[in-house]
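work.csv follows; it contains CSV, C-alpha atoms and all ligand atoms.
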chain,number,residue,atom,x,y,z
A,26,MET,CA,70.5,-1.8,-38.0
A,27,GLU,CA,70.6,0.9,-35.3
A,28,ARG,CA,67.8,3.4,-35.0
A,29,VAL,CA,68.3,6.4,-37.3
A,30,TYR,CA,67.9,10.0,-36.5
A,31,ASN,CA,64.4,10.5,-38.0
A,32,PHE,CA,63.5,14.1,-38.9
A,33,SER,CA,60.1,13.1,-40.4
A,34,ALA,CA,57.3,15.7,-40.2
A,35,GLY,CA,54.7,13.1,-39.4
A,36,PRO,CA,54.2,10.4,-38.6
A,37,SER,CA,57.3,11.2,-36.7
A,38,MET,CA,59.6,9.6,-34.1
A,39,LEU,CA,58.4,8.6,-30.7
A,40,PRO,CA,60.4,8.4,-27.5
A,41,LEU,CA,62.3,5.2,-27.4
A,42,SER,CA,61.1,4.4,-23.8
A,43,VAL,CA,57.5,4.7,-25.0
A,44,LEU,CA,58.1,2.2,-27.8
A,45,GLU,CA,59.9,-0.1,-25.4
A,46,THR,CA,57.0,0.0,-22.9
A,47,ALA,CA,54.5,-0.6,-25.7
A,48,ALA,CA,56.7,-3.6,-26.9
A,49,LYS,CA,56.9,-5.0,-23.4
A,50,GLU,CA,53.1,-4.7,-23.0
A,51,MET,CA,52.3,-5.8,-26.5
A,52,THR,CA,51.0,-9.3,-25.9
A,53,ASN,CA,49.8,-9.0,-22.3
A,54,TYR,CA,48.8,-5.6,-21.0
A,55,ASN,CA,49.0,-5.2,-17.3
A,56,GLY,CA,48.1,-8.8,-16.5
A,57,SER,CA,44.9,-8.7,-18.6
A,58,GLY,CA,46.1,-11.6,-20.8
A,59,MET,CA,45.6,-9.7,-24.0
A,60,SER,CA,47.1,-6.9,-26.1
A,61,VAL,CA,45.5,-3.4,-25.9
A,62,MET,CA,44.7,-4.0,-29.6
A,63,GLU,CA,42.6,-6.9,-28.6
A,64,MET,CA,40.4,-5.5,-25.8
A,65,SER,CA,36.9,-4.2,-25.9
A,66,HIS,CA,36.8,-0.5,-25.7
A,67,ARG,CA,33.9,-1.0,-23.2
A,68,SER,CA,36.0,-3.0,-20.8
A,69,PRO,CA,37.1,-1.6,-17.4
A,70,VAL,CA,40.8,-2.2,-18.3
A,71,TYR,CA,40.5,-0.1,-21.5
A,72,GLN,CA,38.4,2.6,-19.7
A,73,ALA,CA,41.3,3.0,-17.3
A,74,ILE,CA,43.7,3.6,-20.2
A,75,ILE,CA,41.6,6.3,-21.9
A,76,ASP,CA,40.8,7.9,-18.5
A,77,SER,CA,44.4,8.2,-17.6
A,78,ALA,CA,45.3,9.5,-21.1
A,79,GLU,CA,42.8,12.3,-20.6
A,80,SER,CA,43.7,13.2,-17.1
A,81,ASP,CA,47.4,13.2,-17.9
A,82,LEU,CA,46.8,15.5,-20.9
A,83,ARG,CA,44.7,17.8,-18.7
A,84,LYS,CA,47.6,17.9,-16.2
A,85,LEU,CA,50.2,18.5,-18.9
A,86,MET,CA,48.4,21.3,-20.7
A,87,ASN,CA,46.6,22.7,-17.6
A,88,ILE,CA,43.3,22.3,-19.3
A,89,PRO,CA,40.5,24.2,-17.4
A,90,ASP,CA,37.5,22.1,-16.1
A,91,ASN,CA,35.1,23.9,-18.5
A,92,TYR,CA,36.8,22.2,-21.5
A,93,LYS,CA,36.1,18.8,-22.9
A,94,VAL,CA,38.8,16.6,-24.3
A,95,LEU,CA,37.8,14.4,-27.2
A,96,PHE,CA,39.8,11.5,-28.7
A,97,LEU,CA,38.6,11.2,-32.3
A,98,GLN,CA,39.6,9.9,-35.7
A,99,GLY,CA,39.9,11.3,-39.2
A,100,GLY,CA,43.0,13.4,-38.7
A,101,ALA,CA,43.2,17.2,-38.6
A,102,THR,CA,41.9,17.2,-42.1
A,103,GLN,CA,38.5,15.8,-41.0
A,104,GLN,CA,38.3,18.6,-38.4
A,105,PHE,CA,38.5,21.2,-41.3
A,106,ALA,CA,34.9,20.2,-42.0
A,107,ALA,CA,33.9,19.4,-38.4
A,108,ILE,CA,34.8,22.9,-37.2
A,109,PRO,CA,32.3,24.8,-39.5
A,110,LEU,CA,29.7,22.1,-39.0
A,111,ASN,CA,29.9,22.5,-35.2
A,112,PHE,CA,30.6,26.2,-34.9
A,113,MET,CA,29.4,28.1,-38.0
A,114,ASN,CA,26.0,28.2,-36.3
A,115,LYS,CA,25.0,31.8,-35.6
A,116,ASN,CA,25.8,34.0,-38.6
A,117,GLY,CA,27.1,31.3,-40.9
A,118,LYS,CA,30.4,33.2,-41.2
A,119,ALA,CA,34.0,32.7,-40.0
A,120,ASP,CA,37.3,34.5,-40.3
A,121,TYR,CA,40.4,32.5,-41.4
A,122,ILE,CA,44.0,33.5,-41.2
A,123,VAL,CA,45.9,31.7,-44.0
A,124,SER,CA,49.5,31.2,-43.0
A,125,GLY,CA,50.3,28.1,-45.0
A,126,GLN,CA,49.0,25.1,-46.8
A,127,PHE,CA,47.0,23.5,-44.0
A,128,SER,CA,45.2,26.8,-43.1
A,129,LYS,CA,44.4,27.2,-46.7
A,130,LYS,CA,42.9,23.7,-46.9
A,131,ALA,CA,40.9,24.5,-43.7
A,132,ALA,CA,39.5,27.7,-45.2
A,133,ASP,CA,38.7,25.9,-48.5
A,134,GLU,CA,36.8,23.2,-46.7
A,135,ALA,CA,34.9,25.7,-44.5
A,136,MET,CA,33.7,27.5,-47.7
A,137,LYS,CA,31.5,24.6,-48.4
A,138,PHE,CA,29.4,25.3,-45.3
A,139,GLY,CA,29.3,29.1,-45.1
A,140,GLU,CA,30.9,32.4,-45.7
A,141,VAL,CA,34.7,32.4,-45.1
A,142,ASN,CA,36.6,35.6,-44.9
A,143,VAL,CA,40.3,35.2,-45.3
A,144,ILE,CA,41.2,38.2,-43.3
A,145,ALA,CA,45.0,37.8,-43.7
A,146,SER,CA,47.4,35.7,-45.6
A,147,SER,CA,51.2,35.4,-45.9
A,148,LYS,CA,51.1,34.0,-49.4
A,149,ASP,CA,52.8,37.2,-50.7
A,150,ARG,CA,56.1,35.9,-49.3
A,151,ASN,CA,55.5,32.2,-49.7
A,152,PHE,CA,54.3,31.8,-46.1
A,153,CYS,CA,57.7,32.6,-44.5
A,154,TYR,CA,56.0,34.6,-41.8
A,155,VAL,CA,52.8,34.7,-39.8
A,156,PRO,CA,50.5,37.7,-40.3
A,157,LYS,CA,49.8,40.0,-37.3
A,158,VAL,CA,46.0,40.4,-37.1
A,159,GLU,CA,44.3,42.6,-34.6
A,160,GLU,CA,40.9,43.2,-36.2
A,161,PHE,CA,38.2,40.6,-36.8
A,162,SER,CA,34.8,40.6,-38.5
A,163,PRO,CA,32.4,41.5,-35.6
A,164,ASP,CA,29.8,38.9,-36.9
A,165,ALA,CA,32.3,36.0,-37.3
A,166,ASP,CA,31.1,32.8,-35.6
A,167,TYR,CA,34.8,32.0,-34.9
A,168,VAL,CA,38.3,32.9,-36.0
A,169,HIS,CA,40.5,30.0,-37.3
A,170,ILE,CA,44.3,29.9,-37.2
A,171,CYS,CA,46.9,27.2,-37.8
A,172,TYR,CA,49.3,27.7,-34.8
A,173,ASN,CA,52.4,26.0,-36.2
A,174,ASN,CA,52.8,25.8,-39.9
A,175,THR,CA,54.4,22.4,-40.4
A,176,ILE,CA,55.3,22.8,-44.1
A,177,PHE,CA,56.8,26.2,-44.0
A,178,GLY,CA,58.3,26.0,-40.5
A,179,THR,CA,56.6,29.1,-39.0
A,180,VAL,CA,54.8,29.6,-35.7
A,181,TYR,CA,52.6,32.3,-34.1
A,182,ASP,CA,54.6,34.6,-31.9
A,183,TYR,CA,51.3,35.9,-30.4
A,184,ILE,CA,47.9,34.6,-29.7
A,185,PRO,CA,45.2,36.7,-31.6
A,186,GLU,CA,43.0,38.6,-29.2
A,187,THR,CA,39.6,37.9,-30.6
A,188,GLY,CA,37.5,39.1,-27.7
A,189,ASP,CA,34.2,37.3,-27.5
A,190,ILE,CA,34.7,35.5,-30.8
A,191,PRO,CA,36.0,32.0,-30.2
A,192,LEU,CA,39.5,31.3,-31.4
A,193,VAL,CA,39.9,27.9,-33.1
A,194,ALA,CA,43.4,26.6,-33.6
A,195,ASP,CA,44.9,23.7,-35.6
A,196,MET,CA,47.8,22.8,-33.3
A,197,SER,CA,48.8,19.5,-35.0
A,198,SER,CA,52.5,20.3,-35.0
A,199,GLY,CA,52.7,22.7,-32.1
A,200,ILE,CA,50.7,21.0,-29.3
A,201,LEU,CA,52.8,20.0,-26.3
A,202,SER,CA,55.9,21.8,-27.6
A,203,ARG,CA,55.6,24.5,-24.9
A,204,PRO,CA,53.0,25.6,-22.4
A,205,ILE,CA,50.1,27.4,-23.9
A,206,ASP,CA,47.1,29.2,-22.2
A,207,VAL,CA,44.2,26.9,-23.3
A,208,SER,CA,41.7,29.5,-21.9
A,209,LYS,CA,42.6,31.8,-24.8
A,210,PHE,CA,41.1,29.3,-27.2
A,211,GLY,CA,37.6,28.1,-27.9
A,212,VAL,CA,38.8,25.0,-29.7
A,213,ILE,CA,42.2,23.4,-30.1
A,214,TYR,CA,42.6,20.4,-32.4
A,215,ALA,CA,45.6,18.3,-33.4
A,216,GLY,CA,46.4,15.1,-35.3
A,217,ALA,CA,48.5,12.9,-33.0
A,218,GLN,CA,51.1,11.8,-35.4
A,219,LYS,CA,53.3,14.9,-35.2
A,220,ASN,CA,53.9,15.4,-31.5
A,221,MET,CA,51.6,13.0,-29.5
A,222,GLY,CA,51.6,9.5,-30.8
A,223,PRO,CA,50.6,7.3,-33.7
A,224,SER,CA,48.4,8.5,-36.5
A,225,GLY,CA,44.7,7.5,-36.3
A,226,LEU,CA,44.0,9.7,-33.3
A,227,THR,CA,43.0,13.4,-33.4
A,228,VAL,CA,42.7,15.3,-30.1
A,229,VAL,CA,40.0,18.0,-29.8
A,230,ILE,CA,39.9,20.3,-26.8
A,231,VAL,CA,36.7,22.4,-26.8
A,232,ARG,CA,35.1,24.9,-24.4
A,233,GLU,CA,31.8,23.4,-23.1
A,234,ASP,CA,29.7,26.4,-23.9
A,235,LEU,CA,30.4,26.1,-27.6
A,236,LEU,CA,28.9,22.7,-27.7
A,237,GLY,CA,25.2,21.9,-28.1
A,238,ASN,CA,24.4,23.9,-31.2
A,239,PRO,CA,25.8,22.2,-34.3
A,240,ARG,CA,24.5,22.6,-37.8
A,241,GLU,CA,21.3,20.5,-38.4
A,242,ASN,CA,22.7,18.2,-41.1
A,243,ILE,CA,26.0,17.4,-39.3
A,244,PRO,CA,27.1,13.8,-39.7
A,245,VAL,CA,27.1,12.1,-36.3
A,246,MET,CA,30.8,11.2,-36.3
A,247,LEU,CA,31.7,14.9,-36.8
A,248,ASN,CA,29.3,16.0,-34.0
A,249,TYR,CA,31.5,17.1,-31.1
A,250,THR,CA,28.5,17.4,-28.8
A,251,VAL,CA,27.6,13.7,-29.4
A,252,GLN,CA,31.3,12.7,-29.0
A,253,ALA,CA,31.5,14.7,-25.7
A,254,GLU,CA,28.3,13.2,-24.4
A,255,ASN,CA,29.7,9.7,-25.1
A,256,GLY,CA,33.1,10.1,-23.7
A,257,SER,CA,34.7,9.8,-27.2
A,258,MET,CA,33.0,6.4,-27.5
A,259,TYR,CA,30.0,6.9,-29.7
A,260,ASN,CA,31.6,4.2,-31.7
A,261,THR,CA,34.9,2.4,-31.4
A,262,PRO,CA,37.7,4.9,-30.7
A,263,PRO,CA,41.2,4.6,-32.0
A,264,CYS,CA,42.1,2.4,-29.0
A,265,TYR,CA,45.7,1.6,-29.6
A,266,SER,CA,46.7,5.1,-30.7
A,267,ILE,CA,45.1,6.5,-27.5
A,268,TYR,CA,47.1,4.0,-25.4
A,269,VAL,CA,50.4,5.0,-27.0
A,270,ALA,CA,49.6,8.8,-26.8
A,271,GLY,CA,48.8,8.1,-23.1
A,272,LEU,CA,52.3,6.7,-22.7
A,273,VAL,CA,53.8,9.8,-24.4
A,274,PHE,CA,51.8,12.0,-22.0
A,275,LYS,CA,53.2,10.0,-19.0
A,276,TRP,CA,56.7,10.4,-20.4
A,277,LEU,CA,56.3,14.2,-20.7
A,278,LEU,CA,55.0,14.4,-17.1
A,279,GLU,CA,57.9,12.3,-15.9
A,280,THR,CA,60.5,14.5,-17.7
A,281,GLY,CA,59.3,17.8,-16.2
A,282,GLY,CA,56.2,18.7,-18.1
A,283,LEU,CA,55.9,21.4,-20.8
A,284,GLU,CA,58.0,24.1,-19.0
A,285,GLU,CA,61.0,21.8,-19.2
A,286,ARG,CA,60.0,20.6,-22.6
A,287,GLU,CA,60.0,24.2,-23.9
A,288,LYS,CA,63.6,24.7,-22.6
A,289,ILE,CA,64.8,21.6,-24.4
A,290,ASN,CA,62.9,22.5,-27.6
A,291,VAL,CA,64.4,26.1,-27.6
A,292,LYS,CA,67.8,24.6,-27.1
A,293,LYS,CA,67.5,22.2,-30.0
A,294,ALA,CA,66.0,24.8,-32.3
A,295,ASN,CA,68.8,27.3,-31.4
A,296,ILE,CA,71.5,24.8,-32.2
A,297,LEU,CA,70.1,24.4,-35.7
A,298,TYR,CA,69.2,28.0,-36.4
A,299,ASP,CA,72.5,29.4,-35.1
A,300,TYR,CA,74.4,27.1,-37.4
A,301,LEU,CA,72.1,28.0,-40.4
A,302,ASP,CA,72.6,31.7,-39.7
A,303,SER,CA,76.4,31.2,-39.8
A,304,SER,CA,76.5,28.9,-42.7
A,305,ALA,CA,77.6,29.9,-46.2
A,306,LEU,CA,75.9,26.9,-47.8
A,307,PHE,CA,72.5,26.7,-46.0
A,308,SER,CA,70.0,29.3,-45.0
A,309,ALA,CA,66.8,29.2,-43.0
A,310,THR,CA,63.7,30.2,-44.8
A,311,ALA,CA,61.4,31.5,-42.1
A,312,ASP,CA,61.4,35.1,-40.7
A,313,LYS,CA,63.2,35.1,-37.4
A,314,ALA,CA,60.2,36.3,-35.4
A,315,ASN,CA,58.1,33.3,-36.6
A,316,ARG,CA,60.7,30.5,-36.6
A,317,SER,CA,59.1,27.2,-35.6
A,318,LEU,CA,60.6,25.2,-32.7
A,319,MET,CA,59.3,22.1,-34.3
A,320,ASN,CA,59.9,22.3,-38.1
A,321,VAL,CA,63.1,23.9,-39.2
A,322,CYS,CA,63.1,24.7,-43.0
A,323,PHE,CA,66.2,25.5,-44.9
A,324,VAL,CA,67.7,25.6,-48.4
A,325,THR,CA,70.9,25.9,-50.3
A,326,GLY,CA,69.2,27.9,-53.0
A,327,ASP,CA,69.9,25.2,-55.6
A,328,ALA,CA,67.5,22.2,-56.0
A,329,ASP,CA,70.2,19.9,-57.1
A,330,LYS,CA,72.4,20.7,-54.2
A,331,ASP,CA,69.4,20.2,-51.9
A,332,LYS,CA,68.9,16.8,-53.3
A,333,ALA,CA,72.6,15.8,-53.0
A,334,PHE,CA,72.6,17.0,-49.4
A,335,CYS,CA,69.5,15.0,-48.5
A,336,SER,CA,70.9,11.9,-50.0
A,337,ALA,CA,74.3,12.2,-48.2
A,338,ALA,CA,72.5,12.9,-44.9
A,339,SER,CA,70.3,9.9,-45.4
A,340,LYS,CA,73.3,7.6,-46.0
A,341,ALA,CA,74.8,9.0,-42.7
A,342,GLY,CA,71.7,8.1,-40.7
A,343,PHE,CA,69.8,11.4,-40.8
A,344,VAL,CA,66.7,10.5,-42.6
A,345,ASN,CA,63.5,12.3,-43.8
A,346,LEU,CA,65.1,15.7,-44.2
A,347,LYS,CA,63.6,16.4,-47.6
A,348,GLY,CA,61.2,19.4,-47.5
A,349,HIS,CA,57.5,19.1,-48.3
A,350,ARG,CA,56.9,18.3,-52.0
A,351,SER,CA,55.2,21.7,-52.4
A,352,VAL,CA,58.2,23.8,-51.2
A,353,GLY,CA,61.3,21.8,-51.8
A,354,GLY,CA,64.6,22.4,-49.8
A,355,MET,CA,65.0,20.7,-46.5
A,356,ARG,CA,63.0,20.4,-43.3
A,357,ALA,CA,64.2,19.0,-40.0
A,358,SER,CA,61.2,18.2,-37.8
A,359,ILE,CA,62.5,18.2,-34.3
A,360,TYR,CA,59.5,17.3,-32.2
A,361,ASN,CA,59.6,16.4,-28.5
A,362,ALA,CA,60.9,12.9,-29.1
A,363,MET,CA,64.0,14.1,-31.0
A,364,PRO,CA,66.8,14.2,-28.4
A,365,VAL,CA,69.2,17.2,-28.2
A,366,GLU,CA,72.0,14.8,-29.3
A,367,GLY,CA,70.2,14.2,-32.6
A,368,VAL,CA,70.3,17.9,-33.5
A,369,GLU,CA,73.9,18.2,-32.4
A,370,LYS,CA,74.9,15.3,-34.5
A,371,LEU,CA,73.0,16.7,-37.5
A,372,VAL,CA,74.7,20.0,-37.2
A,373,GLU,CA,78.1,18.3,-36.9
A,374,PHE,CA,77.3,16.4,-40.1
A,375,MET,CA,76.2,19.6,-41.9
A,376,LYS,CA,79.3,21.5,-40.9
A,377,GLU,CA,81.5,18.7,-42.2
A,378,TYR,CA,79.4,18.5,-45.4
A,379,GLU,CA,79.7,22.2,-45.9
A,380,LYS,CA,83.5,22.0,-45.6
A,381,GLU,CA,83.7,19.2,-48.1
A,382,ASN,CA,81.3,20.9,-50.6
A,383,ALA,CA,82.5,24.5,-50.4
B,1,LIG,C1,49.8,17.2,-40.6
B,1,LIG,C2,48.9,18.4,-40.5
B,1,LIG,C3,47.6,18.3,-40.9
B,1,LIG,C4,47.0,17.2,-41.6
B,1,LIG,O1,46.8,16.2,-40.7
B,1,LIG,P1,46.1,14.8,-41.0
B,1,LIG,O2,46.1,14.2,-39.6
B,1,LIG,O3,46.9,14.1,-42.0
B,1,LIG,O4,44.7,15.1,-41.5
B,1,LIG,C5,46.8,19.5,-40.7
B,1,LIG,N1,47.3,20.6,-40.1
B,1,LIG,C6,48.6,20.6,-39.6
B,1,LIG,C7,49.1,21.8,-39.0
B,1,LIG,C8,49.4,19.5,-39.8
B,1,LIG,O5,50.7,19.6,-39.4

Translate this structure into structure tokens?
Amino acid sequence: MERVYNFSAGPSMLPLSVLETAAKEMTNYNGSGMSVMEMSHRSPVYQAIIDSAESDLRKLMNIPDNYKVLFLQGGATQQFAAIPLNFMNKNGKADYIVSGQFSKKAADEAMKFGEVNVIASSKDRNFCYVPKVEEFSPDADYVHICYNNTIFGTVYDYIPETGDIPLVADMSSGILSRPIDVSKFGVIYAGAQKNMGPSGLTVVIVREDLLGNPRENIPVMLNYTVQAENGSMYNTPPCYSIYVAGLVFKWLLETGGLEEREKINVKKANILYDYLDSSALFSATADKANRSLMNVCFVTGDADKDKAFCSAASKAGFVNLKGHRSVGGMRASIYNAMPVEGVEKLVEFMKEYEKENA
């Protein structure tokens, strides 16, 4: 069977050339006589892999020198607890903007460790937009946002200006989709399986001055200071996932970096949104100002019709278009690895489907 057009929200498709390189190197990495899966994480050959993954990510995102890059496990969900345990350390309070299900989960987890103020929410309109927030609690230890809302297909069209209060962002589904100014953030974290590589790896980018003062009873594996001091190798890191993410970083650098990637992503998203805006059968659910480049959510307005469409699309080779179980409808996740052609073909199919089902 040929490879399908895979619109999964995560784990999601990877660039074919990355998979082919990984396949070629599967049983004998770079003359080492072994697979990356089989090597000691303390060996020089593996150290070179993790070092180049880090330096390539720094180059791609233009990460300033006063930030640490950590390669951890546990997914973004584990960071929901790690963030308060590392940073709710002065006043025991933090501000959270709730713009979807993941930011709600992040806030709920943080409540176990201190005072959480949900300073804004877009629940009133089922998270179809991102709240604009300009004022923050002066005594908040940090402000937490979810930059791109994977389930509802919305993205921030601004970076909150939090002044001296560190801004912490869950960027799982938005990282590497376009250039972002890392210096505006205290902490950025992201599960790899959306736009970076296989699951099992979580990347944390943290400003150095925020380290060194975690909560007293913090579990060692969640302690970013310990992880930073040990080069993400306090214990065995997710070696193979780091290796594949490193291949993805190289692919992004070779194809023009994030400026070029943004152009391609805007082009892909526009192809889909333009069609949705002109369609009589489908409509996009997110407000225009906050439409995600990465997750495009749409509906027919009838659950049975949505189901019929997903099943027809799947038969035609466009898979994983079903919306998240909590919202229904459809979602096309078009991360970096989805080629323009995949979106063009999907729209062709949808136009045809619309004609036949008018
Ligand atoms: C997928 C996702 C998560 C959950 O990630 P896990 O790695 O499964 O814990 C959290 N936040 C966002 C924005 C996501 O897209």

I need the residue nearest Val29 (chain A) from this list: A:Ala47, A:Ile243, A:Gln252, A:Leu41. Use all atoms listed in the file for the distance.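 Looking only at the distances to Val29 (chain A), the closest residue turns out to be A:Leu41.
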
7 Å shell around ligand LIG 1 (chain B) using only C-alpha atoms and all ligand atoms, listed as a compact mmCIF listing (two decimals) with C-alpha atoms, in the coordinates of the input:
# COMPACT_ATOMS: atom_id res chain seq x y z
CA GLY A 35 54.70 13.10 -39.40
CA GLY A 99 39.90 11.30 -39.20
CA GLY A 100 43.00 13.40 -38.70
CA ALA A 101 43.20 17.20 -38.60
CA THR A 102 41.90 17.20 -42.10
CA GLN A 103 38.50 15.80 -41.00
CA PHE A 127 47.00 23.50 -44.00
CA CYS A 171 46.90 27.20 -37.80
CA ASN A 173 52.40 26.00 -36.20
CA ASN A 174 52.80 25.80 -39.90
CA THR A 175 54.40 22.40 -40.40
CA ASP A 195 44.90 23.70 -35.60
CA MET A 196 47.80 22.80 -33.30
CA SER A 197 48.80 19.50 -35.00
CA SER A 198 52.50 20.30 -35.00
CA GLY A 216 46.40 15.10 -35.30
CA GLN A 218 51.10 11.80 -35.40
CA LYS A 219 53.30 14.90 -35.20
CA SER A 224 48.40 8.50 -36.50
CA THR A 227 43.00 13.40 -33.40

Would you mind telling me which residue in A:Asp166, A:Glu241, A:Asp329, A:Glu284 lies nearest to Gly211 (chain A) when using all atoms listed in the file?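 Checking each of A:Asp166, A:Glu241, A:Asp329, A:Glu284 against Gly211 (chain A), counting all atoms listed in the file, the winner is A:Asp166.
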
Counting only C-alpha atoms, find residues at most 6 Å from (34.9, 25.1, -42.0) (file frame) and give them as a PyMOL selection string. chain A and resi 105-106+108-109+134-135

From A:Pro36, A:Gly125, A:Gly58, A:Gly188, residue lying nearest Val352 (chain A) [all atoms listed in the file]: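 Going through A:Pro36, A:Gly125, A:Gly58, A:Gly188 one by one, the smallest distance to Val352 (chain A) is for A:Gly125.
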
Figure out the distance between CA of Ile267 (chain A) and CA of Val180 (chain A), please, to one decimal in Å.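 Pair CA of Val180 (chain A) / CA of Ile267 (chain A) returns 26.4 Å.
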
Grab the CA of Phe307 (chain A) to CA of Val324 (chain A) distance for me, in Å with one decimal place.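 It comes out at 5.5 Å.
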
For each of A:Glu63, A:Asp206, A:Glu45, A:Asp76, take the minimum atom-to-atom distance to Tyr183 (chain A), counting only C-alpha atoms, then give the residue where this is smallest.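 Closest candidate: A:Asp206.
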
Can you pull out the residues contacting Ala328 (chain A)? Cut-off 10 Å, using only C-alpha atoms, and skip same-chain residues under 6 positions away; I want them as a list in words.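 Skipping anything fewer than 6 positions along the chain leaves Phe334, Gly353, Gly354 and Met355 of chain A.
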
Just want the 12 Å neighbourhood of Arg286 (chain A), counted on only C-alpha atoms, with same-chain residues fewer than 3 positions away dropped. Output as a PDB file with C-alpha atoms, in the coordinates of the input.
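Result file follows (part23.pdb):
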ATOM      1  CA  LEU A  85      50.200  18.500 -18.900  1.00  0.00           C
ATOM      2  CA  MET A  86      48.400  21.300 -20.700  1.00  0.00           C
ATOM      3  CA  ILE A 200      50.700  21.000 -29.300  1.00  0.00           C
ATOM      4  CA  LEU A 201      52.800  20.000 -26.300  1.00  0.00           C
ATOM      5  CA  SER A 202      55.900  21.800 -27.600  1.00  0.00           C
ATOM      6  CA  ARG A 203      55.600  24.500 -24.900  1.00  0.00           C
ATOM      7  CA  PRO A 204      53.000  25.600 -22.400  1.00  0.00           C
ATOM      8  CA  ASN A 220      53.900  15.400 -31.500  1.00  0.00           C
ATOM      9  CA  PHE A 274      51.800  12.000 -22.000  1.00  0.00           C
ATOM     10  CA  TRP A 276      56.700  10.400 -20.400  1.00  0.00           C
ATOM     11  CA  LEU A 277      56.300  14.200 -20.700  1.00  0.00           C
ATOM     12  CA  LEU A 278      55.000  14.400 -17.100  1.00  0.00           C
ATOM     13  CA  GLU A 279      57.900  12.300 -15.900  1.00  0.00           C
ATOM     14  CA  THR A 280      60.500  14.500 -17.700  1.00  0.00           C
ATOM     15  CA  GLY A 281      59.300  17.800 -16.200  1.00  0.00           C
ATOM     16  CA  GLY A 282      56.200  18.700 -18.100  1.00  0.00           C
ATOM     17  CA  LEU A 283      55.900  21.400 -20.800  1.00  0.00           C
ATOM     18  CA  ILE A 289      64.800  21.600 -24.400  1.00  0.00           C
ATOM     19  CA  ASN A 290      62.900  22.500 -27.600  1.00  0.00           C
ATOM     20  CA  VAL A 291      64.400  26.100 -27.600  1.00  0.00           C
ATOM     21  CA  LYS A 292      67.800  24.600 -27.100  1.00  0.00           C
ATOM     22  CA  LYS A 293      67.500  22.200 -30.000  1.00  0.00           C
ATOM     23  CA  LEU A 318      60.600  25.200 -32.700  1.00  0.00           C
ATOM     24  CA  MET A 319      59.300  22.100 -34.300  1.00  0.00           C
ATOM     25  CA  TYR A 360      59.500  17.300 -32.200  1.00  0.00           C
ATOM     26  CA  ASN A 361      59.600  16.400 -28.500  1.00  0.00           C
ATOM     27  CA  ALA A 362      60.900  12.900 -29.100  1.00  0.00           C
ATOM     28  CA  MET A 363      64.000  14.100 -31.000  1.00  0.00           C
ATOM     29  CA  PRO A 364      66.800  14.200 -28.400  1.00  0.00           C
ATOM     30  CA  VAL A 365      69.200  17.200 -28.200  1.00  0.00           C
TER      31      VAL A 365
END

One number please: CA of Ser358 (chain A) to CA of Leu301 (chain A), in Å, one decimal.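 Between these atoms lies a distance of 14.9 Å.
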
Which residue out of A:Pro239, A:Pro163, A:Pro263, A:Gly367 has the minimum interatomic distance to Thr187 (chain A) when only C-alpha atoms are used?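 Comparing A:Pro239, A:Pro163, A:Pro263, A:Gly367 against Thr187 (chain A), the winner is A:Pro163.
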
Looking at only C-alpha atoms, which of A:Asn260, A:Ser147, A:Ser37, A:Asn345 is the one that sits closest to Asp312 (chain A)? A:Ser147

Considering all atoms listed in the file, return as a PyMOL selection string whatever protein or nucleic-acid residues lie within 8 Å of Val207 (chain A), sequence-local ones (same chain, fewer than 3 positions apart) excluded. chain A and resi 86-89+210+213

How would the residues just picked look written out with C-alpha atoms as a PDB file, in the coordinates of the input?
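Below is the file that was written, result.pdb:
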ATOM      1  CA  MET A  86      48.400  21.300 -20.700  1.00  0.00           C
ATOM      2  CA  ASN A  87      46.600  22.700 -17.600  1.00  0.00           C
ATOM      3  CA  ILE A  88      43.300  22.300 -19.300  1.00  0.00           C
ATOM      4  CA  PRO A  89      40.500  24.200 -17.400  1.00  0.00           C
ATOM      5  CA  PHE A 210      41.100  29.300 -27.200  1.00  0.00           C
ATOM      6  CA  ILE A 213      42.200  23.400 -30.100  1.00  0.00           C
TER       7      ILE A 213
END

Residues near region 153-155 of chain A, cut-off 6 Å, all atoms listed in the file, skip fewer than 5 positions along chain, as a VMD selection string: chain A and resid 124 311 to 312 315

So that I have them on file, write out the residues from the current selection with C-alpha atoms, as a CSV table (one decimal), keeping the file's coordinate frame.
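Heads up, here's the output in out03.csv:
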chain,number,residue,atom,x,y,z
A,124,SER,CA,49.5,31.2,-43.0
A,311,ALA,CA,61.4,31.5,-42.1
A,312,ASP,CA,61.4,35.1,-40.7
A,315,ASN,CA,58.1,33.3,-36.6

Just the residues within 10 Å of Asp90 (chain A), please, counting all atoms listed in the file, with nothing from its chain fewer than 3 positions along; format it as a PDB file with C-alpha atoms, in the coordinates of the input.
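In the end it all went to out.pdb:
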ATOM      1  CA  ARG A  83      44.700  17.800 -18.700  1.00  0.00           C
ATOM      2  CA  ASN A  87      46.600  22.700 -17.600  1.00  0.00           C
ATOM      3  CA  LYS A  93      36.100  18.800 -22.900  1.00  0.00           C
ATOM      4  CA  VAL A  94      38.800  16.600 -24.300  1.00  0.00           C
ATOM      5  CA  ARG A 232      35.100  24.900 -24.400  1.00  0.00           C
ATOM      6  CA  GLU A 233      31.800  23.400 -23.100  1.00  0.00           C
TER       7      GLU A 233
END
